[in-house]
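Please read the structure below before turning to the comments.
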Amino acid sequence: MSSSSGTTPMEATATAEVDEKLYSRQLYVMGHEAQRRMMASRAVVIGLSGLGVEVSKNCILAGISGITLCDPFPATSYDLGGNFYLSEQHLNDNSGSRASLVCDSLSELNPYVDVSNDTTITQETLLDYSTNDAKNDSIVSELFSGGVTCVVVTIPLPDETIVALNRKCREANASFIYSVTAGVFGQVFCDFGDNFVCSDTNGNPPATSQLDSIILDDDGTVVVKVLEDGGRHGLETGDVVTFSRLQNAPEELVQEKKEYKVKFTGPYTFQLTDVSASGGGENTGTRAAQGYITQVKKPVTLHFKSYEELLPETPTTLSDFSKFDRPAFLHAAFRALTQYREQHGHELPKPGDIDSAKEILELARKIQTDDWDEKKERIVMQLASGSRAILSPMCAALGGMVGQEVLKACSGKFTPLSGFFYLDADEALPETMLSVEEVTPSSPSRYDSQIAVFGKTMQQKLLELRYFLVGAGAIGCEMLKNWALMGVGCGDKGHVYVTDMDRIEKSNLSRQFLFRNTDINHFKSACAARAVQGMNPSLKITAYQDKVAPDTEDIFGDDFYDNLDGVCTALDNVEARLYVDQRCLFYRLPMLESGTLGTKGNTQVVVPNLTENYGATRDPPEKSIPVCTLKNFPNQIQHTLQWARDYFEGEFKQTAEDVNAYLKNGEAYLDSLQPNTKLETLKTIQRALVRERPESLEDCVVWARLKFQDLFYNQIRQLLHNFPPDQLTSTGTKFWSGSKRCPNALSFDAVDECEDARLKNHYDFVVAAANLRAQIFGIKGNTDPDYFHKVLKNVLVPDFSPAEGVKIAANDEEAKSQDRQRDMEDSEDDEMRDLLNSLPKPSSLAGFKLSPVEFDKDMDDHMVYVTACSNLRALNYGIPTADVHRSRAIAGRIIPAIATTTALVTGLICLELYKLVGGANTLVSYKNAFVNLAIPFMTLSEPVPPSATKAIVKGQEWNWTAWDSLDVPLVNPTMGELMTYIEDKYSLEISMLSHGVSILYSFFANAKKVAQRKKMKMTDVITEVTKGKIQFADNQIFLTLDVIATDPKNDDEEVELPYLKMRIR
């Protein structure tokens, strides 16, 4: 925005330091600069019903400087459907305004954010405020004193008030957002002014690639080709790039640090549009080169229209591409609702009021004069009937979206939503209007909003639900909050089960809003359960701290799942999701799945027999880094960080564990080692216990300094001895070309600072390595610079000369060949014998034990070491270095996360829960979602049906899916009874029955043994065949068998069947 007053987000910068521990995961979404701008920005939220408190919560967690709450209206029972800080006790006349009731609770979310309650604005001010209203204008102006970056209105107000507030924001250089919900319908409007400067439109990391060659065409055009091994360059026409670490590149064409505009010419090539050279002659052609290409993101200026300008226009932004006409008639419906409210004393229709609903429909038809049909009319009528309803899922979904828009206004990062946006879940609504009796609450309660939309019968179903939530992190906290407000598990028979193994860390507090500082180091599941019971004391919830996996089926077994209505995943890894997915398939339970990655989110609803299961479609596995690339030929910071991480594990964890195992079990441990690792393990133990065992911190410093010399000087010298800089391959090309970067050995310099990350990697490596070494051996550490500089001056570093005969593999194939050759040689036996003889006997070191250090990305001393180690390796190979923050993300495989996306996806998936409980039974009723709040983009689409396998049974075609099994209604029958049932039921002859890898019956088995087994119970058959290796747990209810059968009426052709399932008790 530009104006004569105020400060733009691009200009605002907080003076305080960013708390990286608290905002750790969020910083990987927003970045430090955007976070600082947010920390210098203040927002005003008008309206603290369900949506307002969601928006406020998300903005406070994100860490804006301050937020002013403004809501003079008292709480109603409808507010309890979406406001998690209100309760039935707040419904009396003396409780105060909604803003005053939630202010203290919101303040507790983040100590860095100033949360205040404005008491100057009255109900009359908000309902009567207009552009030419001098009295109210002076009151409203107080909200903007001290500077406001964004104003958000989240309750229905007259159009005149909205227009006046929007104008006021433009005058004050502030962004304006208006958003309201009405049952399962929601509206958002954004106006960020005439000239809003956006520093980064999409939030994607700058595109990077590696230079392969520079091509000069005859016409003087300069084209850049990137290494195809590194993937596509990811650039578009108009993008700007810079080059770094150039080698063999012609200076007259490209130079380091200079910016160049590009034109897309292919996925691996682009033209430099602002570079021209004389073509022809010897200069023309392709010149091989090396270097790094980095996109430079440039700010863009965006232009918005006001509420007054866009209100008469038809919105076009879609959230569901199967509802092309939805934005237009929802726009008309919300406008009609506003007109009705202004004509009826600012009151919305009562639930089930058919006459009022018809009145609103007529108003909508006058606004949108064509394309009306029965379905649209029904939707508008239901919107009107449920317009008072404040539903937690819709508030959460829009609260996440609107919260991110506020952060865009405060940070100047990501593309804001422009104009109007509509979201709905009309598929969750009843097919016809419910009766007045069904939608009218008996007495004020938390569930009045849901009753107004779905009726008392469905509310009772929600109360009696028994659901299992796997994970109590960010998504888990939001899900539990939604369920508490919806009443899930709050009935006499209802229950919620939640499990999470993790304990709370400080970095969780910026997203997992149920936790406080006092909860740090306590179990997430227990703290989350306690917090949501405070929101709704009727919630029946049991918290576990167990992993959901095969080894906990004694806890989460047949008896557990058989008693559930559904499962919801709130996990951060695919492996766990796939296991839970298999459980849901087996027990035929619906599964609600959601996940986030920064501003991106997705939801998937899995419905038994209707949709495909989660594991039916999988992403391709992540590419691994070749061993030789890691060991000798890195070309990206990801390679050096993986190498540093691996070295950390080997030096500070594996070494200590090997030593401890030797001290505990002696030579028995060494005998248990694999032959190909035994020699190296012996060397490691001998160095730790004999040759390099430290007695003091000074010994650790000397060891660290010599490690630096070995890793970053000696080994590089040896590599260059084997492969000199001018080495040629058998084809005559340069060995050090393409992705192979010629390294240079580093000479130790304690004050050296790298160019990119501005870190003293030489010094940091020694300090971190020495202290980690001291920790392993139980020696007190020290980080005093004077001490280290003093010790380092006296370290004697042996001279190094490259050795002859050292074999270094040039690629993975050579490495495998060398390993095979080494395995065939016996020359290592003598060396191993000598090493074994040099080791002290374990009895001589009784009580001595090392302390292994397991890498933890959130431990700063661990990351200092890994970052320094990685950067030194990068400096060896001319790779741009990375700071600790970026290194932590890569080495720790951190998933970027922010509260806004989490709130959005949980809101969307809970809207699907309404559909499940309501009995929706068609694919078109359900929606999977993909969102990217940075763009912003949302698409809702129908789930995919399960794939089917064709079988002919009794002459009829049976297309069975992963949801199907041959269900046997017999309880632990004999094998003969089971076979007779299958043969009679399906007219098939069984040729084989098996359980796991054990064959229980086959047509070619011994007839006498088959006859014996046919008289035995199935559990006894399995026990006999497996010789007691398979035991049936007390909580096991079901038994599965694989069956091979043939059709005697179809030439004994084998029929492909699903597994067989029966109860054993």
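We name chains A, B, ... following the order of the structure tokens; residues begin at 1 in each chain, and ligands are numbered from 1 as shown.
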Counting only C-alpha atoms, give me one row per residue of region 682-757 of chain A with an atom at most 12 Å from an atom of region 804-815 of chain A, showing the shortest contact pair and its distance in Å to one decimal, sorted by chain then residue number, as a tab-separated table.
residue	atom	partner	partner_atom	distance
A:Gln715	CA	A:Ile808	CA	10.7
A:Ile716	CA	A:Ile808	CA	11.5
A:Gln718	CA	A:Val806	CA	8.3
A:Leu719	CA	A:Ile808	CA	7.4
A:Leu720	CA	A:Ile808	CA	10.5
A:His721	CA	A:Glu804	CA	8.7
A:Asn722	CA	A:Ile808	CA	7.3
A:Phe723	CA	A:Ile808	CA	9.0
A:Thr729	CA	A:Ala810	CA	10.5
A:Phe735	CA	A:Ala810	CA	9.4
A:Trp736	CA	A:Ala810	CA	10.8
A:Lys740	CA	A:Ala810	CA	9.9
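The residue that comes closest to Leu48 (chain A), out of A:Glu88, A:Glu854, A:Asp118, A:Asp200 and on the basis of only C-alpha atoms, is A:Asp118.
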If we count only C-alpha atoms and set the cut-off at 10 Å, which residues sit around Ala774 (chain A), ignoring sequence neighbours fewer than 2 positions away in its own chain? Please answer as number ranges by chain.
A: 694-701, 768-772, 776-782, 851
Expected file: the selected residues, all heavy atoms, as a tab-separated table (two decimals), in the first residue's frame:
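The file below, again00.tsv, is the result:
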chain	number	residue	atom	x	y	z
A	694	PRO	N	40.92	-39.40	25.56
A	694	PRO	CA	41.28	-38.12	26.20
A	694	PRO	C	41.26	-38.21	27.72
A	694	PRO	O	40.46	-38.95	28.30
A	694	PRO	CB	40.19	-37.18	25.70
A	694	PRO	CG	39.00	-38.06	25.50
A	694	PRO	CD	39.52	-39.40	25.08
A	695	GLU	N	42.11	-37.44	28.32
A	695	GLU	CA	42.12	-37.33	29.78
A	695	GLU	C	41.65	-35.96	30.24
A	695	GLU	O	41.34	-35.76	31.42
A	695	GLU	CB	43.55	-37.58	30.31
A	695	GLU	CG	44.11	-38.95	29.98
A	695	GLU	CD	43.39	-40.05	30.73
A	695	GLU	OE1	42.78	-39.76	31.78
A	695	GLU	OE2	43.41	-41.21	30.26
A	696	SER	N	41.60	-35.01	29.31
A	696	SER	CA	41.23	-33.64	29.66
A	696	SER	C	40.55	-32.99	28.47
A	696	SER	O	40.57	-33.51	27.34
A	696	SER	CB	42.47	-32.84	30.05
A	696	SER	OG	43.34	-32.71	28.92
A	697	LEU	N	39.98	-31.80	28.70
A	697	LEU	CA	39.37	-31.06	27.61
A	697	LEU	C	40.42	-30.66	26.58
A	697	LEU	O	40.14	-30.63	25.39
A	697	LEU	CB	38.64	-29.82	28.14
A	697	LEU	CG	37.96	-28.94	27.09
A	697	LEU	CD1	36.89	-29.71	26.32
A	697	LEU	CD2	37.35	-27.69	27.73
A	698	GLU	N	41.62	-30.38	27.05
A	698	GLU	CA	42.70	-30.01	26.12
A	698	GLU	C	42.96	-31.12	25.12
A	698	GLU	O	43.17	-30.87	23.93
A	698	GLU	CB	43.98	-29.70	26.90
A	698	GLU	CG	45.11	-29.19	26.01
A	698	GLU	CD	46.32	-28.75	26.80
A	698	GLU	OE1	46.18	-28.45	27.99
A	698	GLU	OE2	47.41	-28.68	26.21
A	699	ASP	N	42.91	-32.38	25.60
A	699	ASP	CA	43.07	-33.51	24.68
A	699	ASP	C	41.95	-33.51	23.64
A	699	ASP	O	42.19	-33.85	22.47
A	699	ASP	CB	43.04	-34.83	25.46
A	699	ASP	CG	44.25	-35.01	26.34
A	699	ASP	OD1	45.25	-34.31	26.12
A	699	ASP	OD2	44.19	-35.85	27.26
A	700	CYS	N	40.76	-33.14	24.05
A	700	CYS	CA	39.62	-33.10	23.12
A	700	CYS	C	39.81	-32.01	22.07
A	700	CYS	O	39.44	-32.18	20.90
A	700	CYS	CB	38.31	-32.88	23.88
A	700	CYS	SG	37.88	-34.22	25.02
A	701	VAL	N	40.36	-30.88	22.49
A	701	VAL	CA	40.61	-29.78	21.55
A	701	VAL	C	41.66	-30.20	20.52
A	701	VAL	O	41.51	-29.96	19.31
A	701	VAL	CB	41.07	-28.51	22.29
A	701	VAL	CG1	41.39	-27.40	21.29
A	701	VAL	CG2	40.00	-28.05	23.27
A	768	ALA	N	32.82	-27.13	18.76
A	768	ALA	CA	31.69	-28.06	18.86
A	768	ALA	C	32.19	-29.50	18.96
A	768	ALA	O	31.69	-30.28	19.79
A	768	ALA	CB	30.77	-27.89	17.66
A	769	ALA	N	33.16	-29.86	18.12
A	769	ALA	CA	33.68	-31.24	18.14
A	769	ALA	C	34.35	-31.56	19.47
A	769	ALA	O	34.17	-32.64	20.02
A	769	ALA	CB	34.65	-31.44	16.98
A	770	ALA	N	35.13	-30.64	19.99
A	770	ALA	CA	35.83	-30.86	21.26
A	770	ALA	C	34.84	-31.05	22.41
A	770	ALA	O	35.01	-31.94	23.26
A	770	ALA	CB	36.77	-29.70	21.55
A	771	ASN	N	33.80	-30.26	22.43
A	771	ASN	CA	32.82	-30.37	23.52
A	771	ASN	C	31.97	-31.63	23.40
A	771	ASN	O	31.61	-32.23	24.42
A	771	ASN	CB	31.94	-29.12	23.55
A	771	ASN	CG	32.60	-27.97	24.29
A	771	ASN	OD1	32.60	-27.92	25.52
A	771	ASN	ND2	33.20	-27.05	23.53
A	772	LEU	N	31.64	-32.03	22.19
A	772	LEU	CA	30.91	-33.28	22.02
A	772	LEU	C	31.77	-34.47	22.41
A	772	LEU	O	31.29	-35.42	23.04
A	772	LEU	CB	30.44	-33.42	20.57
A	772	LEU	CG	29.28	-32.51	20.15
A	772	LEU	CD1	29.13	-32.47	18.63
A	772	LEU	CD2	27.97	-32.98	20.79
A	776	ILE	N	31.07	-37.21	25.55
A	776	ILE	CA	31.08	-38.67	25.43
A	776	ILE	C	31.92	-39.30	26.55
A	776	ILE	O	31.54	-40.32	27.14
A	776	ILE	CB	31.64	-39.08	24.06
A	776	ILE	CG1	30.65	-38.74	22.95
A	776	ILE	CG2	31.95	-40.57	24.02
A	776	ILE	CD1	31.20	-38.97	21.56
A	777	PHE	N	33.05	-38.68	26.86
A	777	PHE	CA	33.98	-39.25	27.84
A	777	PHE	C	33.76	-38.71	29.26
A	777	PHE	O	34.56	-38.98	30.15
A	777	PHE	CB	35.42	-38.98	27.39
A	777	PHE	CG	35.88	-39.89	26.29
A	777	PHE	CD1	35.68	-39.55	24.96
A	777	PHE	CD2	36.48	-41.10	26.57
A	777	PHE	CE1	36.08	-40.38	23.94
A	777	PHE	CE2	36.90	-41.95	25.55
A	777	PHE	CZ	36.70	-41.59	24.23
A	778	GLY	N	32.69	-37.93	29.46
A	778	GLY	CA	32.39	-37.45	30.80
A	778	GLY	C	33.33	-36.37	31.29
A	778	GLY	O	33.56	-36.23	32.50
A	779	ILE	N	33.86	-35.59	30.36
A	779	ILE	CA	34.77	-34.50	30.70
A	779	ILE	C	34.01	-33.18	30.62
A	779	ILE	O	33.21	-32.98	29.70
A	779	ILE	CB	35.98	-34.48	29.73
A	779	ILE	CG1	36.79	-35.77	29.85
A	779	ILE	CG2	36.87	-33.27	29.98
A	779	ILE	CD1	37.83	-35.96	28.77
A	780	LYS	N	34.23	-32.29	31.55
A	780	LYS	CA	33.54	-31.01	31.57
A	780	LYS	C	33.94	-30.17	30.37
A	780	LYS	O	35.12	-30.01	30.06
A	780	LYS	CB	33.84	-30.26	32.87
A	780	LYS	CG	33.03	-28.97	33.02
A	780	LYS	CD	33.33	-28.29	34.35
A	780	LYS	CE	32.51	-26.99	34.49
A	780	LYS	NZ	32.80	-26.31	35.77
A	781	GLY	N	32.94	-29.59	29.69
A	781	GLY	CA	33.19	-28.80	28.50
A	781	GLY	C	33.48	-27.34	28.79
A	781	GLY	O	33.44	-26.88	29.93
A	782	ASN	N	33.77	-26.59	27.71
A	782	ASN	CA	34.12	-25.17	27.83
A	782	ASN	C	33.99	-24.55	26.45
A	782	ASN	O	34.34	-25.18	25.45
A	782	ASN	CB	35.55	-25.03	28.36
A	782	ASN	CG	35.91	-23.58	28.67
A	782	ASN	OD1	35.15	-22.67	28.35
A	782	ASN	ND2	37.05	-23.38	29.29
A	851	SER	N	29.25	-42.11	26.95
A	851	SER	CA	27.89	-41.59	26.85
A	851	SER	C	27.59	-41.22	25.41
A	851	SER	O	28.01	-40.15	24.93
A	851	SER	CB	27.71	-40.35	27.74
A	851	SER	OG	27.98	-40.65	29.09
Counting only C-alpha atoms, which of A:Phe264, A:Tyr112, A:Tyr78, A:Tyr292 gets nearest to Gly66 (chain A)?
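Between A:Phe264, A:Tyr112, A:Tyr78, A:Tyr292, the residue approaching Gly66 (chain A) most closely is A:Tyr112.
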Name the residues of region 413-476 of chain A that fall into helix (DSSP H, G or I) according to DSSP on the backbone, using the chain letters and numbers of this document, as a PyMOL selection string.
chain A and resi 426-428+436-439+448-454+456-463+474-476
Residues within 12 Å of Ser107 (chain A), only C-alpha atoms, excluding chain neighbours under 2 positions, as a VMD selection string:
chain A and resid 53 56 to 57 59 to 61 63 66 to 69 85 99 to 105 109 to 117 513 516
Could the residues in this selection be saved with C-alpha atoms as a CSV table (one decimal), in the first residue's frame?
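Generated file (again.csv):
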chain,number,residue,atom,x,y,z
A,53,VAL,CA,-11.5,-15.9,18.1
A,56,SER,CA,-7.1,-13.9,16.7
A,57,LYS,CA,-5.7,-17.2,18.0
A,59,CYS,CA,-2.4,-14.3,14.5
A,60,ILE,CA,-1.3,-14.3,18.2
A,61,LEU,CA,0.4,-17.7,17.7
A,63,GLY,CA,3.6,-13.5,16.7
A,66,GLY,CA,-0.3,-6.7,19.0
A,67,ILE,CA,-3.9,-7.3,18.5
A,68,THR,CA,-6.9,-5.2,19.6
A,69,LEU,CA,-10.1,-7.0,20.3
A,85,TYR,CA,-13.1,-19.7,25.3
A,99,ALA,CA,-14.2,-9.4,23.7
A,100,SER,CA,-13.8,-9.0,27.4
A,101,LEU,CA,-14.6,-12.6,28.0
A,102,VAL,CA,-11.9,-14.0,25.7
A,103,CYS,CA,-9.2,-11.4,26.1
A,104,ASP,CA,-7.3,-13.0,29.0
A,105,SER,CA,-7.4,-16.5,27.5
A,109,LEU,CA,-1.2,-17.9,23.9
A,110,ASN,CA,1.9,-15.8,23.3
A,111,PRO,CA,3.8,-13.6,25.8
A,112,TYR,CA,5.3,-11.6,22.9
A,113,VAL,CA,2.0,-10.3,21.6
A,114,ASP,CA,0.1,-7.4,23.2
A,115,VAL,CA,-3.6,-8.4,23.4
A,116,SER,CA,-5.9,-5.6,24.4
A,117,ASN,CA,-9.7,-5.1,24.6
A,513,PHE,CA,-2.5,-23.8,21.0
A,516,ARG,CA,1.5,-23.6,27.6
Within 9 Å of Glu593 (chain A) using only C-alpha atoms, minus same-chain residues under 2 positions, as a VMD selection string:
chain A and resid 567 to 571 577 591 595 602 to 606 614 909
Between region 156-208 of chain A and region 431-452 of chain A, at 10 Å or less, what are the per-residue closest atom pairs and their distances in Å? Count only C-alpha atoms, order by chain and rising residue number, and return it as JSON lines.
{"residue": "A:Ala182", "atom": "CA", "partner": "A:Ser449", "partner_atom": "CA", "distance": 9.8}
{"residue": "A:Gly183", "atom": "CA", "partner": "A:Ser449", "partner_atom": "CA", "distance": 7.6}
{"residue": "A:Val184", "atom": "CA", "partner": "A:Gln450", "partner_atom": "CA", "distance": 9.8}
Those same residues, written as a compact mmCIF listing (two decimals), in the first residue's frame with N, CA, C and O atoms?
# COMPACT_ATOMS: atom_id res chain seq x y z
N ALA A 182 -22.17 -18.55 8.12
CA ALA A 182 -23.60 -18.80 8.34
C ALA A 182 -23.82 -20.29 8.19
O ALA A 182 -24.04 -20.79 7.09
N GLY A 183 -23.71 -21.02 9.30
CA GLY A 183 -23.81 -22.48 9.24
C GLY A 183 -22.66 -23.06 8.46
O GLY A 183 -21.49 -22.83 8.79
N VAL A 184 -22.95 -23.83 7.41
CA VAL A 184 -21.90 -24.46 6.60
C VAL A 184 -21.50 -23.59 5.42
O VAL A 184 -20.90 -24.07 4.45
